[in-house]
Amino acid sequence: MPHLFGMDRYDSCLSADDGLYCVVKLDLYPGKASELMQLIKEYSAYTQKHYNYTYIERGLYDYLYHQTDTIENATNENRLLMNFSLRKNWRDLVKSEVNDSRHNSLKGLHGIRSVTACLMIIAHVIFINSMGFIDQPRNFEKAYETLHFHLVFNGLMIVQIFFFMAAFLQAYYIQIGSETERITWSQLPKLLFARWWRLTPANAVMIGFSATWMRHLGSGPLWKHYVSEGVVAQCRRFWYLHLAYLNNYQPEDKLCAVQTWHVAADTQMFVFTMLIYLATMSRGRSLALSVLLLMSIAAPALHVWLQDMDAMVLQTPEVYRHWSDRTFHNMHIHGHNNLSSYVIGLGIGTLVYNWQKKKRWGALSWLIIPAMGFLFLTGRGFYGEGERASLGVRLLYAGTHRAAMGLLSAAAAISVTMRLSESFCNFFEWDGWLVPSRLSYSVYLLHMNLVHILMGLKTQLGLVSLFNMLVVYFGVVAISLAMALPFYLVVEAPMTGLLKISSSPIKHESRRRRTGRR
């Protein structure tokens with residue numbers, strides 16, 4: 001016979017915080033015909049001398065509820081508040097320990113991201129000395145005759161490194177996640193929302209500031225020209241496109257957070273490639289990526305052919321002066337024209353996950369850096385005097401230079417993740433790169449507003465010299481990092497933490513189902 005009565009220790013329950021003691025009365029009921037249940041019923045039917053053993057009573061300390069549900073709920077509440085803790089966010093910003101060795105193998109990407117972000121700012125800071133009101137325009141024109149300045153003038157292709165890394169990490173983490181749970185179509189809305197939420201709070205704050213308070217930060221004869229009627233007016237007009245990540249397909253939006261065309265293009269490619277990934281879960285993924293790569297090479301070439309565009313954005317003095325260029329606004333910043341580096345990143349991310357073995361090619365890894373510099377310099381030929389480059393040359397260059405940068409980025413990523421060269425890896429795995437890498441998104445969002453403010457504050461003609469440009473550059477980098485730190489701690493980190501918290505109920509529910517809890 002089953003035990004008719006039972007009681008857990010009541011005093012132990014009361015000694016625990018929020019202890020829950022329950023008295024329950026249960027009717028036994030067989031799910032199907034049972035000889036044991038029939039025996040219990042027959043015995044209980046003799047009511048003159050027997051208890052009813054189909055009806056039992058228990059006093060229970062709900063240990064599982066107390067130890068798991070209550071603690072989890074309390075922990076979730078604390079974690080929700082802790083996302084707004086400056087101390088906790090600072091610890092997350094500077095910590096370098098990761099439990100998974102495969103995550104540690106990606107540490108070198110922090111160095112690549114930090115260096116790339118600093119180089120990217122150079123291309124934007126040059127606006128201050130090129131967009132007009134300078135004392136010696138001829139000095140700036142002479143820069144086009146100097147080889148090393150073409151590293152800056154052709155530096156727009158550096159953004160391909162960011163596209164490659166985004167796709168590389170996307171593919172790599174998908175493979176790791178698939179070890180425990182495969183991604184399905186039903187999870188796609190959650191993935192897209194997570195992506196949107198990860199980017200949007202910080203972006204929205206920056207756009208909101210640009211559209212409102214920014215116009216009150218200064219004054220001067222050029223403030224209205226560069227700030228009030230430029231950045232502020234266009235942010236008020238096109239803010240919704242930035243939050244929907246479609247601003248790179250609006251050619252009239254030329255000044256509002258112009259740098260975020262990369263974020264929009266990256267988001268568009270993420271959505272598109274996730275659809276391709278889910279559509280090829282069973283087979284055909286390699287073929288699909290190969291077709292995408294060919295299409296991504298053909299797309300910009302078709303723009304050149306059908307719209308008579310340049311092979312690349314030629315950052316001429318007049319383009320800097322007006323910041324208006326057909327090739328930039330109608331080809332360069334479109335998501336579909338930047339797919340080549342993204343597709344290469346997806347393929348290499350999957351391959352690195354599968355390889356995970358060490359090889360050593362020594363100093364050859366260092367050749368990647370001068371190779372990238374050489375690729376930048378290849379665009380110098382389009383600045384020559386005389387006839388415009390032939391259509392064939394423009395078609396070939398427009399279609400291939402992004403893929404070439406993607407392949408060089410792939411070589412760098414393989415080198416640091418598979419440790420092909422110790423010296424190369426040690427440089428990019430330096431712990432000092434961690435903080436600027438984690439601040440890179442905030443720096444990316446904020447630094448252009450600083451550039452516009454500096455242009456608007458001009459009260460006299462600017463000095464054009466290499467020394468002055470370096471002083472301004474390092475000043476913008478330092479101030480951007482200084483602004484990015486509180487922006488990260490107060491806006492970006494808390495919102496990212498809330499995103500992580502939002503997935504906790506799903507994980508708890510799946511754990512309950514595995515343990516048979518209600």
# chains A, B, ... in the order shown; residues from 1 in each chain; ligands from 1
>>> closest_atom_pairs(of="range 371-482 of chain A", to="range 119-125 of chain A", cutoff="9 Å", atoms="only C-alpha atoms", output="tab-separated table")
residue	atom	partner	partner_atom	distance
A:Tyr444	CA	A:Ile121	CA	8.3
A:His447	CA	A:Ile121	CA	7.7
A:Met448	CA	A:His124	CA	7.2
A:Val451	CA	A:Val125	CA	6.4
A:Met469	CA	A:Val125	CA	7.8
A:Leu470	CA	A:Ile122	CA	8.9
A:Val472	CA	A:Val125	CA	7.4
A:Tyr473	CA	A:Val125	CA	6.0
A:Val476	CA	A:Val125	CA	7.6
A:Val477	CA	A:Ile121	CA	7.3
>>> residues_around(residues="Ala403 in chain A", least_positions_apart="3", cutoff="7 Å", atoms="only C-alpha atoms", output="PyMOL selection string")
chain A and resi 340-341+400+406-407
>>> closest_atom_pairs(of="range 396-457 of chain A", to="range 461-468 of chain A", cutoff="12 Å", atoms="only C-alpha atoms", output="JSON lines")
{"residue": "A:Leu454", "atom": "CA", "partner": "A:Gly462", "partner_atom": "CA", "distance": 10.7}
{"residue": "A:Met455", "atom": "CA", "partner": "A:Gly462", "partner_atom": "CA", "distance": 9.4}
{"residue": "A:Gly456", "atom": "CA", "partner": "A:Gly462", "partner_atom": "CA", "distance": 11.7}
{"residue": "A:Leu457", "atom": "CA", "partner": "A:Gly462", "partner_atom": "CA", "distance": 10.9}
>>> closest_residue(among="A:Cys118, A:Leu499, A:Ile174, A:Leu20", to="Met274 in chain A", atoms="only C-alpha atoms")
A:Ile174
>>> closest_residue(among="A:Leu243, A:Arg285, A:Leu450, A:Asn89", to="Pro201 in chain A", atoms="only C-alpha atoms")
A:Leu243
>>> select_by_dssp(residues="range 49-294 of chain A", states="alpha helix (DSSP H)", output="PyMOL selection string")
chain A and resi 63-64+71-82+86-94+101-104+108-125+137-142+150-153+159-177+188-211+223+233-243+261-279+285-294
>>> residues_around(residues="His303 in chain A", least_positions_apart="2", cutoff="9 Å", atoms="only C-alpha atoms", output="tab-separated table (two decimals) with all heavy atoms, in the first residue's frame")
chain	number	residue	atom	x	y	z
A	298	ALA	N	29.06	40.65	-59.81
A	298	ALA	CA	28.41	41.18	-61.00
A	298	ALA	C	27.61	42.44	-60.72
A	298	ALA	O	27.50	43.32	-61.58
A	298	ALA	CB	27.51	40.12	-61.61
A	299	ALA	N	27.03	42.55	-59.51
A	299	ALA	CA	26.12	43.67	-59.20
A	299	ALA	C	26.77	45.04	-59.39
A	299	ALA	O	26.23	45.89	-60.12
A	299	ALA	CB	25.56	43.51	-57.79
A	300	PRO	N	27.90	45.34	-58.74
A	300	PRO	CA	28.48	46.67	-58.95
A	300	PRO	C	28.96	46.89	-60.39
A	300	PRO	O	28.91	48.03	-60.89
A	300	PRO	CB	29.65	46.71	-57.96
A	300	PRO	CG	29.93	45.29	-57.61
A	300	PRO	CD	28.64	44.57	-57.73
A	301	ALA	N	29.40	45.82	-61.05
A	301	ALA	CA	29.81	45.95	-62.45
A	301	ALA	C	28.62	46.37	-63.31
A	301	ALA	O	28.76	47.17	-64.25
A	301	ALA	CB	30.42	44.65	-62.94
A	305	TRP	N	28.13	49.65	-65.75
A	305	TRP	CA	27.76	49.51	-67.16
A	305	TRP	C	26.47	50.27	-67.49
A	305	TRP	O	26.41	51.04	-68.44
A	305	TRP	CB	27.64	48.02	-67.48
A	305	TRP	CG	27.30	47.74	-68.92
A	305	TRP	CD1	27.62	48.49	-70.01
A	305	TRP	CD2	26.58	46.60	-69.41
A	305	TRP	NE1	27.16	47.90	-71.16
A	305	TRP	CE2	26.51	46.74	-70.83
A	305	TRP	CE3	26.00	45.49	-68.83
A	305	TRP	CZ2	25.87	45.80	-71.64
A	305	TRP	CZ3	25.38	44.55	-69.63
A	305	TRP	CH2	25.31	44.71	-71.02
A	306	LEU	N	25.43	50.05	-66.68
A	306	LEU	CA	24.12	50.59	-67.01
A	306	LEU	C	23.97	52.06	-66.64
A	306	LEU	O	23.21	52.79	-67.27
A	306	LEU	CB	23.03	49.77	-66.29
A	306	LEU	CG	22.95	48.28	-66.68
A	306	LEU	CD1	21.91	47.57	-65.81
A	306	LEU	CD2	22.61	48.13	-68.16
A	307	GLN	N	24.70	52.53	-65.62
A	307	GLN	CA	24.56	53.91	-65.16
A	307	GLN	C	25.80	54.76	-65.41
A	307	GLN	O	25.87	55.89	-64.97
A	307	GLN	CB	24.22	53.92	-63.66
A	307	GLN	CG	22.88	53.25	-63.34
A	307	GLN	CD	22.61	53.20	-61.84
A	307	GLN	OE1	23.26	52.47	-61.10
A	307	GLN	NE2	21.64	54.00	-61.40
A	308	ASP	N	26.77	54.18	-66.11
A	308	ASP	CA	28.00	54.90	-66.47
A	308	ASP	C	28.66	55.51	-65.24
A	308	ASP	O	29.00	56.70	-65.21
A	308	ASP	CB	27.70	55.99	-67.51
A	308	ASP	CG	28.98	56.56	-68.12
A	308	ASP	OD1	29.97	55.81	-68.22
A	308	ASP	OD2	28.99	57.74	-68.47
A	309	MET	N	28.87	54.68	-64.22
A	309	MET	CA	29.49	55.15	-62.98
A	309	MET	C	30.99	54.86	-62.99
A	309	MET	O	31.50	54.11	-63.81
A	309	MET	CB	28.82	54.49	-61.77
A	309	MET	CG	27.40	54.93	-61.55
A	309	MET	SD	26.74	54.26	-60.02
A	309	MET	CE	25.13	55.07	-60.00
A	327	THR	N	28.36	57.88	-57.58
A	327	THR	CA	28.84	56.52	-57.33
A	327	THR	C	28.67	56.14	-55.87
A	327	THR	O	28.30	55.01	-55.55
A	327	THR	CB	30.32	56.40	-57.74
A	327	THR	OG1	30.45	56.75	-59.12
A	327	THR	CG2	30.82	54.98	-57.54
A	330	ASN	N	24.59	56.03	-55.06
A	330	ASN	CA	23.75	55.15	-55.88
A	330	ASN	C	24.36	53.78	-56.14
A	330	ASN	O	23.74	52.94	-56.80
A	330	ASN	CB	23.45	55.82	-57.22
A	330	ASN	CG	22.64	57.08	-57.06
A	330	ASN	OD1	21.63	57.09	-56.35
A	330	ASN	ND2	23.07	58.17	-57.68
A	331	MET	N	25.59	53.54	-55.62
A	331	MET	CA	26.19	52.22	-55.81
A	331	MET	C	26.96	51.76	-54.57
A	331	MET	O	26.69	50.70	-54.03
A	331	MET	CB	27.13	52.20	-57.02
A	331	MET	CG	27.74	50.82	-57.28
A	331	MET	SD	28.88	50.76	-58.68
A	331	MET	CE	30.35	51.50	-57.95
A	395	LEU	N	34.53	48.14	-65.15
A	395	LEU	CA	33.71	46.97	-64.83
A	395	LEU	C	34.50	45.97	-64.00
A	395	LEU	O	34.02	45.45	-62.98
A	395	LEU	CB	33.21	46.30	-66.11
A	395	LEU	CG	32.12	47.01	-66.91
A	395	LEU	CD1	31.89	46.29	-68.23
A	395	LEU	CD2	30.83	47.07	-66.11
A	398	ALA	N	35.36	47.49	-60.42
A	398	ALA	CA	34.16	47.63	-59.58
A	398	ALA	C	33.70	46.28	-59.05
A	398	ALA	O	33.23	46.17	-57.91
A	398	ALA	CB	33.04	48.30	-60.37
>>> residues_around(residues="range 26-43 of chain A", least_positions_apart="6", cutoff="9 Å", atoms="only C-alpha atoms", output="ChimeraX atom specification")
/A:1-2,50-58
>>> residues_around(residues="Tyr173 in chain A", least_positions_apart="2", cutoff="10 Å", atoms="only C-alpha atoms", output="PyMOL selection string")
chain A and resi 102-103+167-171+175-178+349-350+353
>>> residues_around(residues="His401 in chain A", least_positions_apart="5", cutoff="10 Å", atoms="only C-alpha atoms", output="mmCIF file with N, CA, C and O atoms, in the first residue's frame")
data_model
loop_
_atom_site.group_PDB
_atom_site.id
_atom_site.type_symbol
_atom_site.label_atom_id
_atom_site.label_comp_id
_atom_site.auth_asym_id
_atom_site.auth_seq_id
_atom_site.Cartn_x
_atom_site.Cartn_y
_atom_site.Cartn_z
ATOM 1 N N MET A 157 37.296 51.342 -49.108
ATOM 2 C CA MET A 157 37.171 49.883 -49.160
ATOM 3 C C MET A 157 37.533 49.226 -47.834
ATOM 4 O O MET A 157 37.319 48.023 -47.660
ATOM 5 N N GLN A 160 35.095 47.023 -45.936
ATOM 6 C CA GLN A 160 34.902 45.615 -46.286
ATOM 7 C C GLN A 160 35.437 44.693 -45.194
ATOM 8 O O GLN A 160 34.960 43.563 -45.041
ATOM 9 N N ILE A 297 29.756 40.014 -57.230
ATOM 10 C CA ILE A 297 30.788 40.576 -58.105
ATOM 11 C C ILE A 297 30.149 41.247 -59.319
ATOM 12 O O ILE A 297 30.593 42.302 -59.786
ATOM 13 N N ALA A 311 34.422 53.206 -61.309
ATOM 14 C CA ALA A 311 34.665 51.886 -60.728
ATOM 15 C C ALA A 311 34.660 51.926 -59.209
ATOM 16 O O ALA A 311 34.371 50.929 -58.550
ATOM 17 N N MET A 312 34.999 53.052 -58.644
ATOM 18 C CA MET A 312 35.030 53.252 -57.200
ATOM 19 C C MET A 312 34.677 54.713 -56.923
ATOM 20 O O MET A 312 34.579 55.515 -57.851
ATOM 21 N N SER A 340 30.072 40.668 -51.495
ATOM 22 C CA SER A 340 31.192 39.763 -51.764
ATOM 23 C C SER A 340 32.018 39.481 -50.501
ATOM 24 O O SER A 340 32.283 38.320 -50.172
ATOM 25 N N SER A 341 32.417 40.538 -49.784
ATOM 26 C CA SER A 341 33.177 40.324 -48.548
ATOM 27 C C SER A 341 32.341 39.591 -47.505
ATOM 28 O O SER A 341 32.858 38.777 -46.732
ATOM 29 N N LEU A 375 46.419 47.247 -52.307
ATOM 30 C CA LEU A 375 45.073 47.243 -52.892
ATOM 31 C C LEU A 375 44.479 48.647 -52.856
ATOM 32 O O LEU A 375 43.820 49.077 -53.821
ATOM 33 N N PHE A 376 44.695 49.376 -51.751
ATOM 34 C CA PHE A 376 44.226 50.764 -51.700
ATOM 35 C C PHE A 376 44.849 51.595 -52.819
ATOM 36 O O PHE A 376 44.177 52.397 -53.466
ATOM 37 N N THR A 378 45.867 50.722 -55.679
ATOM 38 C CA THR A 378 45.466 50.388 -57.052
ATOM 39 C C THR A 378 44.420 51.359 -57.586
ATOM 40 O O THR A 378 44.283 51.520 -58.798
ATOM 41 N N GLY A 379 43.693 52.018 -56.691
ATOM 42 C CA GLY A 379 42.697 52.981 -57.146
ATOM 43 C C GLY A 379 43.293 54.289 -57.619
ATOM 44 O O GLY A 379 42.581 55.130 -58.192
ATOM 45 N N LEU A 396 35.718 45.688 -64.427
ATOM 46 C CA LEU A 396 36.540 44.696 -63.732
ATOM 47 C C LEU A 396 36.874 45.145 -62.319
ATOM 48 O O LEU A 396 36.747 44.371 -61.361
ATOM 49 N N GLY A 406 37.951 41.321 -49.266
ATOM 50 C CA GLY A 406 37.381 40.237 -48.473
ATOM 51 C C GLY A 406 38.338 39.067 -48.341
ATOM 52 O O GLY A 406 38.463 38.464 -47.265
ATOM 53 N N LEU A 407 39.055 38.729 -49.413
ATOM 54 C CA LEU A 407 40.010 37.617 -49.363
ATOM 55 C C LEU A 407 41.201 37.954 -48.463
ATOM 56 O O LEU A 407 41.685 37.088 -47.716
#
>>> closest_residue(among="A:Ile158, A:Leu80, A:Val232, A:Ile333", to="Leu217 in chain A", atoms="only C-alpha atoms")
A:Val232
>>> closest_residue(among="A:Met214, A:Met281, A:Met131, A:Leu106", to="Thr316 in chain A", atoms="only C-alpha atoms")
A:Met131
>>> closest_residue(among="A:Leu408, A:Ala166, A:Val491, A:Leu498", to="Leu346 in chain A", atoms="only C-alpha atoms")
A:Ala166
>>> closest_residue(among="A:Trp223, A:His242, A:Ala117, A:Arg237", to="Leu481 in chain A", atoms="only C-alpha atoms")
A:Ala117
>>> residues_around(residues="Leu351 in chain A", least_positions_apart="3", cutoff="10 Å", atoms="only C-alpha atoms", output="list in words")
Phe168, Ala171, Tyr172, Gly345, Leu346, Gly347, Ile348, Asn354, Trp355, Gln356 and Ile414 of chain A
>>> write_last_selection(atoms="all heavy atoms", output="PDB file, in the first residue's frame")
ATOM      1  N   PHE A 168      31.862  36.561 -40.704  1.00  0.00           N
ATOM      2  CA  PHE A 168      32.695  35.508 -40.120  1.00  0.00           C
ATOM      3  C   PHE A 168      32.147  35.088 -38.758  1.00  0.00           C
ATOM      4  O   PHE A 168      31.959  33.892 -38.473  1.00  0.00           O
ATOM      5  CB  PHE A 168      34.132  36.011 -39.998  1.00  0.00           C
ATOM      6  CG  PHE A 168      35.074  35.040 -39.339  1.00  0.00           C
ATOM      7  CD1 PHE A 168      35.796  34.138 -40.102  1.00  0.00           C
ATOM      8  CD2 PHE A 168      35.244  35.035 -37.964  1.00  0.00           C
ATOM      9  CE1 PHE A 168      36.668  33.236 -39.498  1.00  0.00           C
ATOM     10  CE2 PHE A 168      36.101  34.141 -37.345  1.00  0.00           C
ATOM     11  CZ  PHE A 168      36.825  33.235 -38.118  1.00  0.00           C
ATOM     12  N   ALA A 171      28.672  33.261 -39.016  1.00  0.00           N
ATOM     13  CA  ALA A 171      28.766  31.847 -39.393  1.00  0.00           C
ATOM     14  C   ALA A 171      29.384  31.023 -38.273  1.00  0.00           C
ATOM     15  O   ALA A 171      28.916  29.915 -37.966  1.00  0.00           O
ATOM     16  CB  ALA A 171      29.586  31.713 -40.671  1.00  0.00           C
ATOM     17  N   TYR A 172      30.422  31.546 -37.640  1.00  0.00           N
ATOM     18  CA  TYR A 172      31.136  30.797 -36.601  1.00  0.00           C
ATOM     19  C   TYR A 172      30.229  30.511 -35.406  1.00  0.00           C
ATOM     20  O   TYR A 172      30.162  29.382 -34.906  1.00  0.00           O
ATOM     21  CB  TYR A 172      32.360  31.593 -36.169  1.00  0.00           C
ATOM     22  CG  TYR A 172      33.322  30.831 -35.289  1.00  0.00           C
ATOM     23  CD1 TYR A 172      34.258  29.967 -35.841  1.00  0.00           C
ATOM     24  CD2 TYR A 172      33.306  30.990 -33.905  1.00  0.00           C
ATOM     25  CE1 TYR A 172      35.143  29.273 -35.034  1.00  0.00           C
ATOM     26  CE2 TYR A 172      34.187  30.304 -33.091  1.00  0.00           C
ATOM     27  CZ  TYR A 172      35.118  29.445 -33.660  1.00  0.00           C
ATOM     28  OH  TYR A 172      35.986  28.753 -32.850  1.00  0.00           O
ATOM     29  N   GLY A 345      33.159  36.023 -45.807  1.00  0.00           N
ATOM     30  CA  GLY A 345      33.176  35.877 -44.356  1.00  0.00           C
ATOM     31  C   GLY A 345      32.350  34.688 -43.881  1.00  0.00           C
ATOM     32  O   GLY A 345      32.766  33.956 -42.972  1.00  0.00           O
ATOM     33  N   LEU A 346      31.193  34.484 -44.475  1.00  0.00           N
ATOM     34  CA  LEU A 346      30.362  33.333 -44.105  1.00  0.00           C
ATOM     35  C   LEU A 346      31.092  32.024 -44.390  1.00  0.00           C
ATOM     36  O   LEU A 346      31.085  31.094 -43.568  1.00  0.00           O
ATOM     37  CB  LEU A 346      29.044  33.365 -44.877  1.00  0.00           C
ATOM     38  CG  LEU A 346      28.050  34.477 -44.518  1.00  0.00           C
ATOM     39  CD1 LEU A 346      26.859  34.447 -45.463  1.00  0.00           C
ATOM     40  CD2 LEU A 346      27.571  34.336 -43.073  1.00  0.00           C
ATOM     41  N   GLY A 347      31.701  31.943 -45.551  1.00  0.00           N
ATOM     42  CA  GLY A 347      32.404  30.711 -45.901  1.00  0.00           C
ATOM     43  C   GLY A 347      33.602  30.451 -45.007  1.00  0.00           C
ATOM     44  O   GLY A 347      33.800  29.325 -44.527  1.00  0.00           O
ATOM     45  N   ILE A 348      34.398  31.485 -44.747  1.00  0.00           N
ATOM     46  CA  ILE A 348      35.596  31.312 -43.933  1.00  0.00           C
ATOM     47  C   ILE A 348      35.229  31.026 -42.478  1.00  0.00           C
ATOM     48  O   ILE A 348      35.885  30.230 -41.804  1.00  0.00           O
ATOM     49  CB  ILE A 348      36.497  32.555 -44.031  1.00  0.00           C
ATOM     50  CG1 ILE A 348      36.972  32.742 -45.472  1.00  0.00           C
ATOM     51  CG2 ILE A 348      37.688  32.436 -43.099  1.00  0.00           C
ATOM     52  CD1 ILE A 348      37.769  31.574 -46.025  1.00  0.00           C
ATOM     53  N   ASN A 354      35.317  24.321 -38.688  1.00  0.00           N
ATOM     54  CA  ASN A 354      35.564  22.908 -39.002  1.00  0.00           C
ATOM     55  C   ASN A 354      37.043  22.545 -38.923  1.00  0.00           C
ATOM     56  O   ASN A 354      37.388  21.426 -38.537  1.00  0.00           O
ATOM     57  CB  ASN A 354      35.031  22.584 -40.398  1.00  0.00           C
ATOM     58  CG  ASN A 354      33.519  22.625 -40.462  1.00  0.00           C
ATOM     59  OD1 ASN A 354      32.847  22.264 -39.503  1.00  0.00           O
ATOM     60  ND2 ASN A 354      32.969  23.086 -41.574  1.00  0.00           N
ATOM     61  N   TRP A 355      37.914  23.490 -39.269  1.00  0.00           N
ATOM     62  CA  TRP A 355      39.349  23.175 -39.246  1.00  0.00           C
ATOM     63  C   TRP A 355      39.863  23.093 -37.812  1.00  0.00           C
ATOM     64  O   TRP A 355      40.251  22.033 -37.356  1.00  0.00           O
ATOM     65  CB  TRP A 355      40.138  24.244 -40.009  1.00  0.00           C
ATOM     66  CG  TRP A 355      39.947  24.184 -41.488  1.00  0.00           C
ATOM     67  CD1 TRP A 355      39.483  23.141 -42.220  1.00  0.00           C
ATOM     68  CD2 TRP A 355      40.203  25.249 -42.417  1.00  0.00           C
ATOM     69  NE1 TRP A 355      39.432  23.467 -43.554  1.00  0.00           N
ATOM     70  CE2 TRP A 355      39.872  24.758 -43.695  1.00  0.00           C
ATOM     71  CE3 TRP A 355      40.682  26.553 -42.287  1.00  0.00           C
ATOM     72  CZ2 TRP A 355      40.008  25.537 -44.843  1.00  0.00           C
ATOM     73  CZ3 TRP A 355      40.820  27.318 -43.425  1.00  0.00           C
ATOM     74  CH2 TRP A 355      40.486  26.816 -44.684  1.00  0.00           C
ATOM     75  N   GLN A 356      39.888  24.230 -37.116  1.00  0.00           N
ATOM     76  CA  GLN A 356      40.354  24.302 -35.728  1.00  0.00           C
ATOM     77  C   GLN A 356      41.625  23.481 -35.505  1.00  0.00           C
ATOM     78  O   GLN A 356      41.698  22.610 -34.629  1.00  0.00           O
ATOM     79  CB  GLN A 356      39.262  23.818 -34.757  1.00  0.00           C
ATOM     80  CG  GLN A 356      38.076  24.733 -34.666  1.00  0.00           C
ATOM     81  CD  GLN A 356      38.421  26.088 -34.069  1.00  0.00           C
ATOM     82  OE1 GLN A 356      39.208  26.167 -33.144  1.00  0.00           O
ATOM     83  NE2 GLN A 356      37.840  27.141 -34.602  1.00  0.00           N
ATOM     84  N   ILE A 414      42.032  34.033 -40.658  1.00  0.00           N
ATOM     85  CA  ILE A 414      42.549  32.668 -40.526  1.00  0.00           C
ATOM     86  C   ILE A 414      43.860  32.680 -39.758  1.00  0.00           C
ATOM     87  O   ILE A 414      44.118  31.826 -38.902  1.00  0.00           O
ATOM     88  CB  ILE A 414      42.728  32.031 -41.916  1.00  0.00           C
ATOM     89  CG1 ILE A 414      41.366  31.793 -42.564  1.00  0.00           C
ATOM     90  CG2 ILE A 414      43.498  30.709 -41.813  1.00  0.00           C
ATOM     91  CD1 ILE A 414      41.451  31.329 -44.008  1.00  0.00           C
TER      92      ILE A 414
END
>>> atom_distance(atom1="CA of Asp325 in chain A", atom2="CA of Arg394 in chain A")
16.4 Å
